[in-house]
Amino acid sequence: MRKAWTTLSDDLFRRYHRDIHRFLTRMSGQSEVADDLSQEVFLRALRASGNGHGATGHERGWMFSIARSVLADYRRQAGRRAAGSPLAPEPSRDGGQHLVVALAQSLGRLPDEDREVFLLKEVGGLTYQEIAAVCDCTTDSVRARLYRTRVALRAMLTL
Amino acid sequence: MNTHTEELISAAMDGEPVDLDALQAVLAGAEGRTALAAFVLLRAASASGDEPAGMAVPQPHARRQPWLLRGPRVPAALAASLALVAAAAALWIGSRVGTVPVTTQALRVAPPRVQTAPAPQVASPGIVVPAATPVAAPRAAEPCALELPKIAKVVKFVPGVDWKSGS
């Protein structure tokens with residue numbers, strides 16, 4: 001039983017941890033908070049799987065639904081909205097540090113709904129349908145929000 | 001900037017179904033290609049940075065971690081309770097097997113009595129004064145695992161004598 005649990009947890013962790021952590025970091029604006037929230041996401045996922053309530057369809061969308069829920073719980077407990085100024089990310093090995101930092105700062109100035117949809121797409125890699133399921137909206141709404149966010153970011157970053 | 005151009009390219013980038021003829025026409029122009037380059041750059045920048053530090057795979061018992069954020073109040077109280085119970089159990093066990101420390105046994109001896117002669121078996125708790133003649137070791141009320149030292153001196157409490165003055 002414990003071996004099955006370990007195998008399942010390793011598998012989920014390996015496949016989703018990086019993206020989940022990045023999503024939570026960009027949404028919360030704090031890397032340390034994202035560390036704790038990421039742990040909670042995987043614990044909830046493993047518990048749900050153990051109770052037979054795991055993902056029935058799109059696993060990736062299910063994981064990000066949990067991440068979204070954990071983030072909402074954190075905000076509720078903290079009694080405030082997530083920080084509007086995301087943390088400047090760590091330098092990437094590929095370079096382009098300036099753009100990465102500027103993007104993180106620009107994201108912080110966007111509405112939560114638009115930032116969330118953008119990150120679910122760009123970081124989470126979800127389809128429009130999966131994003132719509134996670135955010136409880138229509139695919140047309142997802143399409144419009146993504147396009148609007150990209151245009152806004154392009155203008156802020158003068159790309 | 002043509003919103004239709006950007007919207008079309010945005011959807012195409014995401015693998016969503018779009019009008020291919022319209023897409024081709026948009027990409028044929030500089031405006032379309034510039035928008036495509038900008039969106040690709042945004043995607044690449046989003047995928048960079050924020051690498052999480054090495055983290056262990058969470059285990060089931062790790063659920064206890066969130067309380068750490070609120071402070072270790074419960075474990076401290078629990079530890080104190082356990083220590084108290086352990087101390088009480090140790091005392092009880094010690095009393096049953098006769099391994100009570102000397103000081104504890106001395107406290108259970110009868111209080112000193114005033115006598116003229118002979119010297120009392122035990123003068124007072126903890127006070128031992130050298131005596132001229134050796135006195136037999138006091139009988140313990142219960143069997144004691146420790147060998148009590150022989151009393152070398154006895155103090156006699158005589159009525160009317162100020163025992164605080166010099167010997």
# chains A, B, ... in the order shown; residues from 1 in each chain; ligands from 1

$ closest_atom_pairs --of "chain A" --to "chain B" --cutoff "8 Å" --atoms "only C-alpha atoms" --output "Markdown table"
| residue | atom | partner | partner_atom | distance |
| --- | --- | --- | --- | --- |
| A:Thr6 | CA | B:Gln59 | CA | 7.8 |
| A:Ser9 | CA | B:Val57 | CA | 6.8 |
| A:Asp10 | CA | B:Val57 | CA | 6.4 |
| A:Phe13 | CA | B:Val57 | CA | 6.5 |
| A:Arg18 | CA | B:Pro52 | CA | 6.5 |
| A:His21 | CA | B:Pro52 | CA | 6.5 |
| A:Arg22 | CA | B:Asp50 | CA | 5.7 |
| A:Thr25 | CA | B:Asp50 | CA | 7.2 |
| A:Ser31 | CA | B:Asp50 | CA | 7.9 |
| A:Asp35 | CA | B:Pro52 | CA | 7.7 |
| A:Gln39 | CA | B:Pro58 | CA | 6.2 |
| A:Glu40 | CA | B:Arg63 | CA | 7.8 |
| A:Phe42 | CA | B:Pro58 | CA | 7.0 |
| A:Leu43 | CA | B:Pro58 | CA | 6.5 |
| A:Arg47 | CA | B:Pro60 | CA | 8.0 |
| A:Pro89 | CA | B:Asp50 | CA | 4.9 |
| A:Glu90 | CA | B:Gly49 | CA | 5.2 |
| A:Pro91 | CA | B:Gly49 | CA | 5.8 |
| A:Ser92 | CA | B:Gly49 | CA | 4.8 |
| A:Asp94 | CA | B:Ser48 | CA | 7.8 |
| A:Gly96 | CA | B:Ala45 | CA | 7.6 |
| A:Leu99 | CA | B:Ala45 | CA | 6.6 |
| A:Val100 | CA | B:Ala45 | CA | 5.2 |
| A:Leu103 | CA | B:Ala45 | CA | 7.2 |
| A:Leu119 | CA | B:Ser46 | CA | 7.9 |
| A:Glu122 | CA | B:Arg43 | CA | 6.0 |
| A:Val123 | CA | B:Ala47 | CA | 6.2 |
| A:Thr127 | CA | B:Asp14 | CA | 7.6 |
| A:Tyr128 | CA | B:Glu16 | CA | 8.0 |
| A:Arg143 | CA | B:Ala11 | CA | 6.9 |
| A:Ala144 | CA | B:Glu7 | CA | 7.9 |
| A:Leu146 | CA | B:Ser10 | CA | 7.5 |
| A:Tyr147 | CA | B:Glu7 | CA | 5.6 |
| A:Arg150 | CA | B:Phe39 | CA | 6.8 |
| A:Val151 | CA | B:Glu6 | CA | 7.5 |
| A:Arg154 | CA | B:Ala38 | CA | 6.6 |
| A:Leu159 | CA | B:Ala38 | CA | 5.5 |

$ residues_around --residues "Thr138 (chain A)" --least-positions-apart "5" --cutoff "8 Å" --atoms "only C-alpha atoms" --output "list in words"
Gln129, Ala132 and Ala133 of chain A

$ write_last_selection --atoms "all heavy atoms" --output "PDB file, in the first residue's frame"
ATOM      1  N   GLN A 129     -10.596  24.201 -23.395  1.00  0.00           N
ATOM      2  CA  GLN A 129     -11.660  23.469 -22.696  1.00  0.00           C
ATOM      3  C   GLN A 129     -11.291  23.182 -21.243  1.00  0.00           C
ATOM      4  O   GLN A 129     -12.126  23.323 -20.343  1.00  0.00           O
ATOM      5  CB  GLN A 129     -11.955  22.143 -23.422  1.00  0.00           C
ATOM      6  CG  GLN A 129     -12.798  22.300 -24.668  1.00  0.00           C
ATOM      7  CD  GLN A 129     -13.112  20.960 -25.306  1.00  0.00           C
ATOM      8  OE1 GLN A 129     -12.405  19.979 -25.088  1.00  0.00           O
ATOM      9  NE2 GLN A 129     -14.161  20.923 -26.112  1.00  0.00           N
ATOM     10  N   ALA A 132     -11.483  26.373 -19.289  1.00  0.00           N
ATOM     11  CA  ALA A 132     -12.881  26.716 -19.054  1.00  0.00           C
ATOM     12  C   ALA A 132     -13.461  25.881 -17.916  1.00  0.00           C
ATOM     13  O   ALA A 132     -14.210  26.375 -17.070  1.00  0.00           O
ATOM     14  CB  ALA A 132     -13.698  26.489 -20.335  1.00  0.00           C
ATOM     15  N   ALA A 133     -13.076  24.605 -17.859  1.00  0.00           N
ATOM     16  CA  ALA A 133     -13.560  23.736 -16.782  1.00  0.00           C
ATOM     17  C   ALA A 133     -12.980  24.168 -15.446  1.00  0.00           C
ATOM     18  O   ALA A 133     -13.684  24.189 -14.426  1.00  0.00           O
ATOM     19  CB  ALA A 133     -13.194  22.288 -17.080  1.00  0.00           C
TER      20      ALA A 133
END

$ closest_residue --among "A:Leu110, A:Glu59, A:Glu130, A:Gln30" --to "Met156 (chain A)" --atoms "only C-alpha atoms"
A:Leu110

$ select_by_dssp --residues "chain A" --states "alpha helix (DSSP H)" --output "PyMOL selection string"
chain A and resi 2-28+31-50+59-78+97-108+112-122+128-135+139-157

$ closest_residue --among "A:Thr139, A:Gln105, A:Gln97, A:Ser65" --to "Arg26 (chain A)" --atoms "only C-alpha atoms"
A:Gln105

$ closest_residue --among "A:Met63, A:Leu120, A:Met27, A:Val41" --to "Ala104 (chain A)" --atoms "only C-alpha atoms"
A:Met27

$ decode --residues "region 24-40 of chain B" --atoms "all heavy atoms" --output "PDB file, in the first residue's frame"
ATOM      1  N   GLN B  24      -3.507  32.573 -43.133  1.00  0.00           N
ATOM      2  CA  GLN B  24      -2.471  32.714 -44.147  1.00  0.00           C
ATOM      3  C   GLN B  24      -2.348  34.173 -44.590  1.00  0.00           C
ATOM      4  O   GLN B  24      -1.244  34.691 -44.777  1.00  0.00           O
ATOM      5  CB  GLN B  24      -2.791  31.820 -45.343  1.00  0.00           C
ATOM      6  CG  GLN B  24      -1.687  31.776 -46.385  1.00  0.00           C
ATOM      7  CD  GLN B  24      -2.003  30.786 -47.498  1.00  0.00           C
ATOM      8  OE1 GLN B  24      -3.127  30.303 -47.653  1.00  0.00           O
ATOM      9  NE2 GLN B  24      -0.994  30.474 -48.305  1.00  0.00           N
ATOM     10  N   ALA B  25      -3.483  34.811 -44.761  1.00  0.00           N
ATOM     11  CA  ALA B  25      -3.478  36.210 -45.187  1.00  0.00           C
ATOM     12  C   ALA B  25      -2.837  37.095 -44.120  1.00  0.00           C
ATOM     13  O   ALA B  25      -2.074  38.022 -44.432  1.00  0.00           O
ATOM     14  CB  ALA B  25      -4.908  36.667 -45.462  1.00  0.00           C
ATOM     15  N   VAL B  26      -3.138  36.795 -42.857  1.00  0.00           N
ATOM     16  CA  VAL B  26      -2.580  37.600 -41.761  1.00  0.00           C
ATOM     17  C   VAL B  26      -1.076  37.426 -41.676  1.00  0.00           C
ATOM     18  O   VAL B  26      -0.319  38.401 -41.526  1.00  0.00           O
ATOM     19  CB  VAL B  26      -3.267  37.197 -40.437  1.00  0.00           C
ATOM     20  CG1 VAL B  26      -2.436  37.611 -39.253  1.00  0.00           C
ATOM     21  CG2 VAL B  26      -4.656  37.807 -40.354  1.00  0.00           C
ATOM     22  N   LEU B  27      -0.625  36.201 -41.825  1.00  0.00           N
ATOM     23  CA  LEU B  27       0.812  35.942 -41.695  1.00  0.00           C
ATOM     24  C   LEU B  27       1.600  36.447 -42.897  1.00  0.00           C
ATOM     25  O   LEU B  27       2.820  36.606 -42.828  1.00  0.00           O
ATOM     26  CB  LEU B  27       1.056  34.442 -41.498  1.00  0.00           C
ATOM     27  CG  LEU B  27       0.622  33.879 -40.137  1.00  0.00           C
ATOM     28  CD1 LEU B  27       0.797  32.375 -40.083  1.00  0.00           C
ATOM     29  CD2 LEU B  27       1.393  34.547 -39.015  1.00  0.00           C
ATOM     30  N   ALA B  28       0.915  36.698 -43.966  1.00  0.00           N
ATOM     31  CA  ALA B  28       1.582  37.236 -45.156  1.00  0.00           C
ATOM     32  C   ALA B  28       1.996  38.680 -44.931  1.00  0.00           C
ATOM     33  O   ALA B  28       2.934  39.166 -45.575  1.00  0.00           O
ATOM     34  CB  ALA B  28       0.670  37.119 -46.362  1.00  0.00           C
ATOM     35  N   GLY B  29       1.353  39.352 -44.015  1.00  0.00           N
ATOM     36  CA  GLY B  29       1.670  40.760 -43.760  1.00  0.00           C
ATOM     37  C   GLY B  29       2.620  40.917 -42.581  1.00  0.00           C
ATOM     38  O   GLY B  29       2.756  40.027 -41.724  1.00  0.00           O
ATOM     39  N   ALA B  30       3.287  42.074 -42.549  1.00  0.00           N
ATOM     40  CA  ALA B  30       4.278  42.353 -41.500  1.00  0.00           C
ATOM     41  C   ALA B  30       3.608  42.446 -40.133  1.00  0.00           C
ATOM     42  O   ALA B  30       4.166  42.006 -39.116  1.00  0.00           O
ATOM     43  CB  ALA B  30       5.037  43.639 -41.819  1.00  0.00           C
ATOM     44  N   GLU B  31       2.410  42.989 -40.126  1.00  0.00           N
ATOM     45  CA  GLU B  31       1.694  43.162 -38.854  1.00  0.00           C
ATOM     46  C   GLU B  31       1.434  41.803 -38.201  1.00  0.00           C
ATOM     47  O   GLU B  31       1.617  41.640 -36.984  1.00  0.00           O
ATOM     48  CB  GLU B  31       0.364  43.890 -39.126  1.00  0.00           C
ATOM     49  CG  GLU B  31      -0.387  44.260 -37.868  1.00  0.00           C
ATOM     50  CD  GLU B  31      -1.673  45.012 -38.194  1.00  0.00           C
ATOM     51  OE1 GLU B  31      -1.702  45.794 -39.175  1.00  0.00           O
ATOM     52  OE2 GLU B  31      -2.660  44.806 -37.459  1.00  0.00           O
ATOM     53  N   GLY B  32       1.037  40.867 -38.980  1.00  0.00           N
ATOM     54  CA  GLY B  32       0.742  39.517 -38.475  1.00  0.00           C
ATOM     55  C   GLY B  32       1.995  38.838 -37.966  1.00  0.00           C
ATOM     56  O   GLY B  32       1.984  38.210 -36.890  1.00  0.00           O
ATOM     57  N   ARG B  33       3.063  38.972 -38.732  1.00  0.00           N
ATOM     58  CA  ARG B  33       4.312  38.306 -38.312  1.00  0.00           C
ATOM     59  C   ARG B  33       4.868  38.955 -37.053  1.00  0.00           C
ATOM     60  O   ARG B  33       5.416  38.266 -36.182  1.00  0.00           O
ATOM     61  CB  ARG B  33       5.323  38.364 -39.465  1.00  0.00           C
ATOM     62  CG  ARG B  33       4.994  37.445 -40.635  1.00  0.00           C
ATOM     63  CD  ARG B  33       6.201  37.251 -41.522  1.00  0.00           C
ATOM     64  NE  ARG B  33       6.587  38.510 -42.163  1.00  0.00           N
ATOM     65  CZ  ARG B  33       6.093  38.921 -43.344  1.00  0.00           C
ATOM     66  NH1 ARG B  33       5.184  38.216 -43.977  1.00  0.00           N
ATOM     67  NH2 ARG B  33       6.513  40.067 -43.869  1.00  0.00           N
ATOM     68  N   THR B  34       4.746  40.252 -36.931  1.00  0.00           N
ATOM     69  CA  THR B  34       5.214  40.944 -35.710  1.00  0.00           C
ATOM     70  C   THR B  34       4.404  40.504 -34.502  1.00  0.00           C
ATOM     71  O   THR B  34       4.973  40.267 -33.414  1.00  0.00           O
ATOM     72  CB  THR B  34       5.085  42.472 -35.878  1.00  0.00           C
ATOM     73  OG1 THR B  34       5.776  42.876 -37.054  1.00  0.00           O
ATOM     74  CG2 THR B  34       5.665  43.182 -34.674  1.00  0.00           C
ATOM     75  N   ALA B  35       3.110  40.389 -34.681  1.00  0.00           N
ATOM     76  CA  ALA B  35       2.259  39.937 -33.577  1.00  0.00           C
ATOM     77  C   ALA B  35       2.610  38.505 -33.189  1.00  0.00           C
ATOM     78  O   ALA B  35       2.686  38.169 -31.991  1.00  0.00           O
ATOM     79  CB  ALA B  35       0.781  40.017 -33.991  1.00  0.00           C
ATOM     80  N   LEU B  36       2.836  37.649 -34.191  1.00  0.00           N
ATOM     81  CA  LEU B  36       3.205  36.262 -33.904  1.00  0.00           C
ATOM     82  C   LEU B  36       4.516  36.218 -33.125  1.00  0.00           C
ATOM     83  O   LEU B  36       4.637  35.476 -32.138  1.00  0.00           O
ATOM     84  CB  LEU B  36       3.336  35.478 -35.212  1.00  0.00           C
ATOM     85  CG  LEU B  36       3.798  34.028 -35.068  1.00  0.00           C
ATOM     86  CD1 LEU B  36       2.785  33.220 -34.261  1.00  0.00           C
ATOM     87  CD2 LEU B  36       4.022  33.383 -36.448  1.00  0.00           C
ATOM     88  N   ALA B  37       5.501  37.009 -33.545  1.00  0.00           N
ATOM     89  CA  ALA B  37       6.788  37.030 -32.847  1.00  0.00           C
ATOM     90  C   ALA B  37       6.611  37.483 -31.406  1.00  0.00           C
ATOM     91  O   ALA B  37       7.228  36.920 -30.477  1.00  0.00           O
ATOM     92  CB  ALA B  37       7.752  37.954 -33.584  1.00  0.00           C
ATOM     93  N   ALA B  38       5.793  38.483 -31.177  1.00  0.00           N
ATOM     94  CA  ALA B  38       5.570  38.998 -29.817  1.00  0.00           C
ATOM     95  C   ALA B  38       4.924  37.939 -28.941  1.00  0.00           C
ATOM     96  O   ALA B  38       5.330  37.727 -27.787  1.00  0.00           O
ATOM     97  CB  ALA B  38       4.692  40.253 -29.869  1.00  0.00           C
ATOM     98  N   PHE B  39       3.942  37.251 -29.473  1.00  0.00           N
ATOM     99  CA  PHE B  39       3.246  36.231 -28.662  1.00  0.00           C
ATOM    100  C   PHE B  39       4.157  35.033 -28.375  1.00  0.00           C
ATOM    101  O   PHE B  39       4.093  34.428 -27.305  1.00  0.00           O
ATOM    102  CB  PHE B  39       1.970  35.771 -29.375  1.00  0.00           C
ATOM    103  CG  PHE B  39       0.915  36.831 -29.446  1.00  0.00           C
ATOM    104  CD1 PHE B  39      -0.180  36.675 -30.291  1.00  0.00           C
ATOM    105  CD2 PHE B  39       0.999  38.000 -28.695  1.00  0.00           C
ATOM    106  CE1 PHE B  39      -1.164  37.653 -30.379  1.00  0.00           C
ATOM    107  CE2 PHE B  39       0.029  38.977 -28.770  1.00  0.00           C
ATOM    108  CZ  PHE B  39      -1.061  38.817 -29.611  1.00  0.00           C
ATOM    109  N   VAL B  40       4.974  34.678 -29.347  1.00  0.00           N
ATOM    110  CA  VAL B  40       5.917  33.576 -29.121  1.00  0.00           C
ATOM    111  C   VAL B  40       6.921  33.971 -28.040  1.00  0.00           C
ATOM    112  O   VAL B  40       7.287  33.157 -27.173  1.00  0.00           O
ATOM    113  CB  VAL B  40       6.650  33.215 -30.441  1.00  0.00           C
ATOM    114  CG1 VAL B  40       7.827  32.293 -30.150  1.00  0.00           C
ATOM    115  CG2 VAL B  40       5.697  32.555 -31.419  1.00  0.00           C
TER     116      VAL B  40
END
